[in-house]
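Since the structure comes first, as structure tokens, the remarks are kept for the end.
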Amino acid sequence: MCSSDLFSNTTNLIELNLKHNKLNTFRGFNSKNSANANLASNGDENNSGNFPKLKILNLSFNEISYVFPNSFENFESLWSLDLTHNRFSLFPTEFLRYCRNLRHIGLGQNKLKNLNEMNFSNFPHLIKVDLSQNALEFLPQNAFVNSSQLQHLDLSGNKLENIEGSLFHGLSRSEERRVGKECRSRW
């Protein structure tokens, strides 16, 4: 169990790495001055801190299955969020609405079944999205609309059977689109 003031004087923190812990939920932090954070869950639901400069947050290799809706409200400067190797079956991108500068999001190696609650078009600086090794069967048409900065999209290792070409409308800068071997695509 972490003390609620554990991160109280970390206003210059740029990266926070909490990977390879046993966190099962994430409530976020009272943050406004950190730049790079890599956080993983240790079963403590009372994490707090002050991270106005935080750029990197790593919560990978934990047991996180739930993120509270306002967990990322103090992460406006966040560039990279790694949530790979957790237990998410659902992850609404609305939870990230305050992370307007997000450039990389890793959600690979989870249990995501669909992207109905995910819309990456609200992240104008997004460059890389990892959704690999989940259980995705289809992708909603609006998932990547207006994601013109996106360069790397990894959808490999899912259960996708068809991908409509219009899904990638506006991805003119995309350099890499990794999709499973068995997927039939029309782009």
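Scheme for the structure tokens: letters A, B, ... for chains in order shown; per-chain residue numbers from 1; ligand numbers from 1 in order shown.
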Would you mind listing what lies within 6 Å of A:Thr25 as a PyMOL selection string, with only C-alpha atoms counted and same-chain residues fewer than 3 positions away left out? chain A and resi 64+66-67
What are the DSSP helix (DSSP H, G or I) residues of stretch 6-155 of chain A, as a list in words?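 Filtering stretch 6-155 of chain A down to helix (DSSP H, G or I) leaves Thr93, Glu94, Phe95, Leu96, Phe120, Ser121 and Asn122 of chain A.
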Got time to write the residues from that selection, C-alpha atoms, as a CSV table (one decimal), in the first residue's frame?
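The resulting file, selection.csv, is shown below:
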chain,number,residue,atom,x,y,z
A,93,THR,CA,-10.6,6.2,-25.0
A,94,GLU,CA,-12.9,8.8,-23.3
A,95,PHE,CA,-10.8,8.0,-20.2
A,96,LEU,CA,-7.9,9.7,-22.0
A,120,PHE,CA,-8.5,7.7,-31.6
A,121,SER,CA,-9.6,10.7,-33.7
A,122,ASN,CA,-9.5,12.9,-30.6
Could you tell me which of A:Trp79, A:Asn70, A:Asn146, A:Glu63 comes closest to A:Glu15 if we count only C-alpha atoms?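 Of all the options, A:Trp79 lies closest to A:Glu15.
When atom CA of A:Asn119 is paired with atom CA of A:Asn158, their separation reads 18.2 Å.
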A:Phe68: which residues within 10 Å, counting only C-alpha atoms, same-chain residues fewer than 4 positions away excluded, as an mmCIF file with C-alpha atoms, in the first residue's frame?
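Final file, around_29.cif:
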data_model
loop_
_atom_site.group_PDB
_atom_site.id
_atom_site.type_symbol
_atom_site.label_atom_id
_atom_site.label_comp_id
_atom_site.auth_asym_id
_atom_site.auth_seq_id
_atom_site.Cartn_x
_atom_site.Cartn_y
_atom_site.Cartn_z
ATOM 1 C CA THR A 25 -6.703 -0.788 -10.907
ATOM 2 C CA PHE A 26 -5.499 2.707 -11.694
ATOM 3 C CA ARG A 27 -6.988 5.859 -10.174
ATOM 4 C CA GLY A 28 -4.402 8.309 -11.422
ATOM 5 C CA GLU A 45 -6.019 2.280 -5.263
ATOM 6 C CA PHE A 72 -5.749 10.740 -16.500
ATOM 7 C CA PHE A 95 -10.772 8.048 -20.192
#
At a cut-off of 7 Å, using only C-alpha atoms, what residues contact A:Ser77? Leave out same-chain residues fewer than 2 positions from it and give the result as a tab-separated table (two decimals) with N, CA and C atoms, in the first residue's frame.
chain	number	residue	atom	x	y	z
A	35	ALA	N	7.00	15.03	-16.13
A	35	ALA	CA	7.21	14.87	-17.55
A	35	ALA	C	7.30	13.43	-18.02
A	52	PRO	N	3.04	17.62	-13.36
A	52	PRO	CA	2.73	18.51	-14.48
A	52	PRO	C	3.64	18.34	-15.69
A	53	LYS	N	4.82	17.76	-15.51
A	53	LYS	CA	5.77	17.59	-16.62
A	53	LYS	C	5.87	16.15	-17.10
A	54	LEU	N	5.07	15.28	-16.56
A	54	LEU	CA	5.15	13.87	-16.88
A	54	LEU	C	4.89	13.63	-18.37
A	55	LYS	N	5.84	12.97	-19.03
A	55	LYS	CA	5.73	12.66	-20.45
A	55	LYS	C	5.52	11.17	-20.70
A	75	PHE	N	-2.88	14.62	-16.61
A	75	PHE	CA	-1.78	14.18	-17.45
A	75	PHE	C	-1.80	14.87	-18.81
A	79	TRP	N	2.95	12.05	-23.19
A	79	TRP	CA	3.23	11.70	-24.59
A	79	TRP	C	3.06	10.20	-24.82
A	99	CYS	N	-5.55	13.84	-22.19
A	99	CYS	CA	-4.21	13.57	-22.73
A	99	CYS	C	-4.12	14.01	-24.19
A	101	ASN	N	-1.93	15.54	-25.83
A	101	ASN	CA	-0.61	15.48	-26.44
A	101	ASN	C	-0.10	14.07	-26.62
Tell me which protein, DNA and RNA residues are within 9 Å of A:His104, counting only C-alpha atoms, leaving out same-chain ones fewer than 2 positions away, and put them as a PDB file with all heavy atoms, in the first residue's frame.
ATOM      1  N   TRP A  79       2.946  12.050 -23.191  1.00  0.00           N
ATOM      2  CA  TRP A  79       3.229  11.696 -24.587  1.00  0.00           C
ATOM      3  C   TRP A  79       3.064  10.199 -24.824  1.00  0.00           C
ATOM      4  O   TRP A  79       2.652   9.780 -25.885  1.00  0.00           O
ATOM      5  CB  TRP A  79       4.655  12.051 -24.963  1.00  0.00           C
ATOM      6  CG  TRP A  79       4.942  13.490 -25.165  1.00  0.00           C
ATOM      7  CD1 TRP A  79       4.096  14.553 -25.004  1.00  0.00           C
ATOM      8  CD2 TRP A  79       6.183  14.050 -25.567  1.00  0.00           C
ATOM      9  NE1 TRP A  79       4.741  15.726 -25.274  1.00  0.00           N
ATOM     10  CE2 TRP A  79       6.024  15.440 -25.625  1.00  0.00           C
ATOM     11  CE3 TRP A  79       7.422  13.508 -25.878  1.00  0.00           C
ATOM     12  CZ2 TRP A  79       7.051  16.302 -25.998  1.00  0.00           C
ATOM     13  CZ3 TRP A  79       8.440  14.357 -26.244  1.00  0.00           C
ATOM     14  CH2 TRP A  79       8.255  15.736 -26.300  1.00  0.00           C
ATOM     15  N   SER A  80       3.456   9.404 -23.840  1.00  0.00           N
ATOM     16  CA  SER A  80       3.483   7.956 -24.027  1.00  0.00           C
ATOM     17  C   SER A  80       2.818   7.255 -22.850  1.00  0.00           C
ATOM     18  O   SER A  80       3.167   7.501 -21.696  1.00  0.00           O
ATOM     19  CB  SER A  80       4.934   7.477 -24.165  1.00  0.00           C
ATOM     20  OG  SER A  80       4.989   6.070 -24.305  1.00  0.00           O
ATOM     21  N   LEU A  81       1.880   6.371 -23.158  1.00  0.00           N
ATOM     22  CA  LEU A  81       1.176   5.596 -22.154  1.00  0.00           C
ATOM     23  C   LEU A  81       1.255   4.123 -22.544  1.00  0.00           C
ATOM     24  O   LEU A  81       0.741   3.729 -23.586  1.00  0.00           O
ATOM     25  CB  LEU A  81      -0.286   6.039 -22.055  1.00  0.00           C
ATOM     26  CG  LEU A  81      -1.172   5.265 -21.086  1.00  0.00           C
ATOM     27  CD1 LEU A  81      -0.637   5.353 -19.656  1.00  0.00           C
ATOM     28  CD2 LEU A  81      -2.606   5.772 -21.164  1.00  0.00           C
ATOM     29  N   ASP A  82       1.929   3.334 -21.718  1.00  0.00           N
ATOM     30  CA  ASP A  82       2.086   1.903 -21.999  1.00  0.00           C
ATOM     31  C   ASP A  82       1.244   1.101 -21.021  1.00  0.00           C
ATOM     32  O   ASP A  82       1.524   1.057 -19.828  1.00  0.00           O
ATOM     33  CB  ASP A  82       3.558   1.499 -21.890  1.00  0.00           C
ATOM     34  CG  ASP A  82       3.817   0.101 -22.426  1.00  0.00           C
ATOM     35  OD1 ASP A  82       2.844  -0.651 -22.672  1.00  0.00           O
ATOM     36  OD2 ASP A  82       5.006  -0.250 -22.596  1.00  0.00           O
ATOM     37  N   LEU A 102      -0.941  13.095 -26.392  1.00  0.00           N
ATOM     38  CA  LEU A 102      -0.551  11.695 -26.478  1.00  0.00           C
ATOM     39  C   LEU A 102      -0.037  11.347 -27.874  1.00  0.00           C
ATOM     40  O   LEU A 102      -0.682  11.645 -28.873  1.00  0.00           O
ATOM     41  CB  LEU A 102      -1.750  10.815 -26.122  1.00  0.00           C
ATOM     42  CG  LEU A 102      -1.469   9.408 -25.645  1.00  0.00           C
ATOM     43  CD1 LEU A 102      -0.618   9.424 -24.387  1.00  0.00           C
ATOM     44  CD2 LEU A 102      -2.779   8.687 -25.364  1.00  0.00           C
ATOM     45  N   GLY A 106       0.025   2.103 -25.873  1.00  0.00           N
ATOM     46  CA  GLY A 106       0.209   0.662 -25.972  1.00  0.00           C
ATOM     47  C   GLY A 106      -0.875  -0.064 -25.202  1.00  0.00           C
ATOM     48  O   GLY A 106      -0.965   0.063 -23.990  1.00  0.00           O
ATOM     49  N   HIS A 125      -2.032  14.247 -32.172  1.00  0.00           N
ATOM     50  CA  HIS A 125      -0.589  14.022 -32.245  1.00  0.00           C
ATOM     51  C   HIS A 125      -0.218  12.546 -32.209  1.00  0.00           C
ATOM     52  O   HIS A 125       0.966  12.212 -32.193  1.00  0.00           O
ATOM     53  CB  HIS A 125       0.117  14.747 -31.094  1.00  0.00           C
ATOM     54  CG  HIS A 125      -0.210  16.200 -31.030  1.00  0.00           C
ATOM     55  ND1 HIS A 125       0.238  17.101 -31.965  1.00  0.00           N
ATOM     56  CD2 HIS A 125      -0.952  16.905 -30.143  1.00  0.00           C
ATOM     57  CE1 HIS A 125      -0.217  18.308 -31.656  1.00  0.00           C
ATOM     58  NE2 HIS A 125      -0.942  18.212 -30.565  1.00  0.00           N
ATOM     59  N   LEU A 126      -1.204  11.666 -32.198  1.00  0.00           N
ATOM     60  CA  LEU A 126      -0.964  10.234 -32.061  1.00  0.00           C
ATOM     61  C   LEU A 126      -0.144   9.699 -33.234  1.00  0.00           C
ATOM     62  O   LEU A 126      -0.504   9.873 -34.395  1.00  0.00           O
ATOM     63  CB  LEU A 126      -2.298   9.497 -31.969  1.00  0.00           C
ATOM     64  CG  LEU A 126      -2.290   8.118 -31.348  1.00  0.00           C
ATOM     65  CD1 LEU A 126      -1.738   8.164 -29.928  1.00  0.00           C
ATOM     66  CD2 LEU A 126      -3.691   7.548 -31.333  1.00  0.00           C
ATOM     67  N   ILE A 127       0.973   9.048 -32.917  1.00  0.00           N
ATOM     68  CA  ILE A 127       1.885   8.514 -33.922  1.00  0.00           C
ATOM     69  C   ILE A 127       1.873   6.987 -33.928  1.00  0.00           C
ATOM     70  O   ILE A 127       1.980   6.366 -34.968  1.00  0.00           O
ATOM     71  CB  ILE A 127       3.327   9.024 -33.674  1.00  0.00           C
ATOM     72  CG1 ILE A 127       3.381  10.536 -33.882  1.00  0.00           C
ATOM     73  CG2 ILE A 127       4.330   8.324 -34.568  1.00  0.00           C
ATOM     74  CD1 ILE A 127       4.695  11.154 -33.441  1.00  0.00           C
ATOM     75  N   LYS A 128       1.734   6.374 -32.748  1.00  0.00           N
ATOM     76  CA  LYS A 128       1.833   4.919 -32.650  1.00  0.00           C
ATOM     77  C   LYS A 128       0.737   4.357 -31.758  1.00  0.00           C
ATOM     78  O   LYS A 128       0.532   4.824 -30.640  1.00  0.00           O
ATOM     79  CB  LYS A 128       3.203   4.537 -32.093  1.00  0.00           C
ATOM     80  CG  LYS A 128       3.453   3.053 -32.030  1.00  0.00           C
ATOM     81  CD  LYS A 128       4.873   2.760 -31.585  1.00  0.00           C
ATOM     82  CE  LYS A 128       5.136   1.267 -31.595  1.00  0.00           C
ATOM     83  NZ  LYS A 128       6.521   0.972 -31.204  1.00  0.00           N
ATOM     84  N   VAL A 129       0.043   3.314 -32.262  1.00  0.00           N
ATOM     85  CA  VAL A 129      -0.992   2.609 -31.503  1.00  0.00           C
ATOM     86  C   VAL A 129      -0.699   1.117 -31.593  1.00  0.00           C
ATOM     87  O   VAL A 129      -0.581   0.567 -32.686  1.00  0.00           O
ATOM     88  CB  VAL A 129      -2.411   2.889 -32.053  1.00  0.00           C
ATOM     89  CG1 VAL A 129      -3.451   2.063 -31.314  1.00  0.00           C
ATOM     90  CG2 VAL A 129      -2.743   4.371 -31.952  1.00  0.00           C
ATOM     91  N   ASP A 130      -0.580   0.482 -30.434  1.00  0.00           N
ATOM     92  CA  ASP A 130      -0.363  -0.966 -30.378  1.00  0.00           C
ATOM     93  C   ASP A 130      -1.607  -1.617 -29.792  1.00  0.00           C
ATOM     94  O   ASP A 130      -1.928  -1.430 -28.619  1.00  0.00           O
ATOM     95  CB  ASP A 130       0.858  -1.289 -29.516  1.00  0.00           C
ATOM     96  CG  ASP A 130       1.117  -2.791 -29.387  1.00  0.00           C
ATOM     97  OD1 ASP A 130       0.387  -3.600 -30.003  1.00  0.00           O
ATOM     98  OD2 ASP A 130       2.056  -3.162 -28.645  1.00  0.00           O
TER      99      ASP A 130
END
Would you compute the distance between atom CA of A:Met118 and atom CA of A:Leu139? Give it in Å to one decimal.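 So the two atoms, atom CA of A:Met118 and atom CA of A:Leu139, lie 9.6 Å apart.
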Restricting to only C-alpha atoms, whichever of A:His85, A:Gln149, A:Leu90, A:Arg100 is closest to A:Gln133 is A:His85
Nearest-residue call for A:Ser71, choices A:Phe91, A:Leu57, A:Phe29, A:Lys113, using only C-alpha atoms: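 Ranking A:Phe91, A:Leu57, A:Phe29, A:Lys113 by distance to A:Ser71, first place goes to A:Phe29.
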Distance query A:Phe61 at most 8 Å, only C-alpha atoms, self and fewer than 6 positions along chain excluded, as a VMD selection string: chain A and resid 19 to 21 40 83 to 86
Residues of the last selection are to be written out with all heavy atoms, as a compact mmCIF listing (two decimals), in the first residue's frame.
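Generated file (selection.txt):
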# COMPACT_ATOMS: atom_id res chain seq x y z
N LYS A 19 6.07 -0.70 -14.30
CA LYS A 19 5.85 -2.01 -14.90
C LYS A 19 6.32 -3.14 -14.01
O LYS A 19 7.10 -2.92 -13.08
CB LYS A 19 6.50 -2.10 -16.28
CG LYS A 19 8.00 -2.10 -16.31
CD LYS A 19 8.48 -2.15 -17.75
CE LYS A 19 9.99 -2.14 -17.81
NZ LYS A 19 10.45 -2.19 -19.19
N HIS A 20 5.80 -4.33 -14.29
CA HIS A 20 6.13 -5.55 -13.55
C HIS A 20 5.80 -5.44 -12.07
O HIS A 20 6.62 -5.75 -11.21
CB HIS A 20 7.60 -5.94 -13.76
CG HIS A 20 7.89 -6.44 -15.12
ND1 HIS A 20 7.49 -7.68 -15.56
CD2 HIS A 20 8.53 -5.87 -16.15
CE1 HIS A 20 7.89 -7.86 -16.81
NE2 HIS A 20 8.52 -6.77 -17.19
N ASN A 21 4.61 -4.98 -11.77
CA ASN A 21 4.10 -4.97 -10.41
C ASN A 21 2.81 -5.78 -10.38
O ASN A 21 2.58 -6.59 -11.28
CB ASN A 21 3.87 -3.53 -9.95
CG ASN A 21 5.16 -2.85 -9.58
OD1 ASN A 21 5.74 -3.13 -8.54
ND2 ASN A 21 5.65 -1.96 -10.45
N ALA A 40 3.18 1.11 -12.50
CA ALA A 40 2.51 -0.18 -12.53
C ALA A 40 1.71 -0.35 -11.25
O ALA A 40 2.03 0.23 -10.23
CB ALA A 40 3.53 -1.29 -12.67
N LEU A 83 0.20 0.48 -21.55
CA LEU A 83 -0.71 -0.35 -20.77
C LEU A 83 -0.69 -1.79 -21.28
O LEU A 83 -1.62 -2.56 -21.05
CB LEU A 83 -2.13 0.21 -20.84
CG LEU A 83 -2.34 1.57 -20.19
CD1 LEU A 83 -3.66 2.19 -20.63
CD2 LEU A 83 -2.26 1.47 -18.68
N THR A 84 0.38 -2.17 -21.97
CA THR A 84 0.49 -3.52 -22.52
C THR A 84 0.61 -4.55 -21.40
O THR A 84 1.02 -4.23 -20.29
CB THR A 84 1.69 -3.66 -23.48
OG1 THR A 84 2.89 -3.30 -22.77
CG2 THR A 84 1.54 -2.77 -24.68
N HIS A 85 0.25 -5.76 -21.72
CA HIS A 85 0.35 -6.89 -20.80
C HIS A 85 -0.41 -6.65 -19.50
O HIS A 85 0.14 -6.78 -18.41
CB HIS A 85 1.82 -7.23 -20.50
CG HIS A 85 2.57 -7.74 -21.67
ND1 HIS A 85 2.59 -9.06 -22.03
CD2 HIS A 85 3.31 -7.09 -22.59
CE1 HIS A 85 3.33 -9.22 -23.11
NE2 HIS A 85 3.77 -8.03 -23.47
N ASN A 86 -1.67 -6.29 -19.63
CA ASN A 86 -2.56 -6.15 -18.49
C ASN A 86 -3.79 -7.01 -18.74
O ASN A 86 -3.71 -7.97 -19.52
CB ASN A 86 -2.92 -4.68 -18.26
CG ASN A 86 -1.86 -3.96 -17.45
OD1 ASN A 86 -1.71 -4.19 -16.26
ND2 ASN A 86 -1.10 -3.08 -18.10
Run DSSP on the backbone and give me the residues of stretch 53-167 of chain A it puts in strand (DSSP E or B), as a list in words.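 Strand (DSSP E or B) assignments inside stretch 53-167 of chain A correspond to Ile56, Leu57, Asn58, Tyr66, Val67, Ser80, Leu81, Asp82, His104, Ile105, Gly106, Lys128, Val129, Asp130, His152, Leu153, Asp154, Leu155, Asn162, Ile163 and Glu164 of chain A.
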Next, the residues of the selection above should be written as a compact mmCIF listing (two decimals), in the first residue's frame with N, CA, C and O atoms.
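Result written to part.txt:
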# COMPACT_ATOMS: atom_id res chain seq x y z
N ILE A 56 6.08 10.33 -19.85
CA ILE A 56 6.04 8.88 -20.07
C ILE A 56 5.50 8.18 -18.83
O ILE A 56 6.03 8.36 -17.74
N LEU A 57 4.47 7.39 -19.03
CA LEU A 57 3.88 6.60 -17.96
C LEU A 57 3.81 5.15 -18.41
O LEU A 57 3.16 4.84 -19.41
N ASN A 58 4.51 4.28 -17.69
CA ASN A 58 4.53 2.87 -18.05
C ASN A 58 3.86 2.06 -16.95
O ASN A 58 4.36 1.97 -15.84
N TYR A 66 -9.07 -2.39 -14.75
CA TYR A 66 -9.98 -1.25 -14.69
C TYR A 66 -9.22 0.05 -14.42
O TYR A 66 -8.32 0.09 -13.58
N VAL A 67 -9.60 1.07 -15.17
CA VAL A 67 -9.06 2.42 -14.98
C VAL A 67 -10.25 3.32 -14.65
O VAL A 67 -11.25 3.30 -15.36
N SER A 80 3.46 9.40 -23.84
CA SER A 80 3.48 7.96 -24.03
C SER A 80 2.82 7.26 -22.85
O SER A 80 3.17 7.50 -21.70
N LEU A 81 1.88 6.37 -23.16
CA LEU A 81 1.18 5.60 -22.15
C LEU A 81 1.25 4.12 -22.54
O LEU A 81 0.74 3.73 -23.59
N ASP A 82 1.93 3.33 -21.72
CA ASP A 82 2.09 1.90 -22.00
C ASP A 82 1.24 1.10 -21.02
O ASP A 82 1.52 1.06 -19.83
N HIS A 104 1.87 8.11 -28.23
CA HIS A 104 1.96 6.65 -28.25
C HIS A 104 1.04 6.05 -27.19
O HIS A 104 1.04 6.51 -26.06
N ILE A 105 0.27 5.06 -27.61
CA ILE A 105 -0.52 4.31 -26.63
C ILE A 105 -0.35 2.82 -26.91
O ILE A 105 -0.48 2.37 -28.05
N GLY A 106 0.02 2.10 -25.87
CA GLY A 106 0.21 0.66 -25.97
C GLY A 106 -0.87 -0.06 -25.20
O GLY A 106 -0.97 0.06 -23.99
N LYS A 128 1.73 6.37 -32.75
CA LYS A 128 1.83 4.92 -32.65
C LYS A 128 0.74 4.36 -31.76
O LYS A 128 0.53 4.82 -30.64
N VAL A 129 0.04 3.31 -32.26
CA VAL A 129 -0.99 2.61 -31.50
C VAL A 129 -0.70 1.12 -31.59
O VAL A 129 -0.58 0.57 -32.69
N ASP A 130 -0.58 0.48 -30.43
CA ASP A 130 -0.36 -0.97 -30.38
C ASP A 130 -1.61 -1.62 -29.79
O ASP A 130 -1.93 -1.43 -28.62
N HIS A 152 2.39 4.26 -37.04
CA HIS A 152 2.53 2.84 -36.70
C HIS A 152 1.24 2.35 -36.04
O HIS A 152 0.85 2.88 -35.00
N LEU A 153 0.63 1.35 -36.65
CA LEU A 153 -0.60 0.76 -36.13
C LEU A 153 -0.42 -0.75 -36.13
O LEU A 153 -0.27 -1.35 -37.19
N ASP A 154 -0.40 -1.35 -34.96
CA ASP A 154 -0.19 -2.79 -34.85
C ASP A 154 -1.49 -3.46 -34.39
O ASP A 154 -1.94 -3.25 -33.27
N LEU A 155 -2.08 -4.24 -35.28
CA LEU A 155 -3.30 -4.99 -35.01
C LEU A 155 -3.04 -6.48 -35.11
O LEU A 155 -3.97 -7.28 -35.17
N ASN A 162 -12.08 -9.31 -41.51
CA ASN A 162 -12.26 -8.34 -42.59
C ASN A 162 -11.95 -6.95 -42.07
O ASN A 162 -12.28 -6.62 -40.94
N ILE A 163 -11.36 -6.15 -42.95
CA ILE A 163 -11.10 -4.75 -42.63
C ILE A 163 -11.54 -3.94 -43.83
O ILE A 163 -11.07 -4.16 -44.95
N GLU A 164 -12.43 -3.02 -43.60
CA GLU A 164 -12.90 -2.14 -44.67
C GLU A 164 -11.86 -1.04 -44.93
O GLU A 164 -11.28 -0.50 -43.98
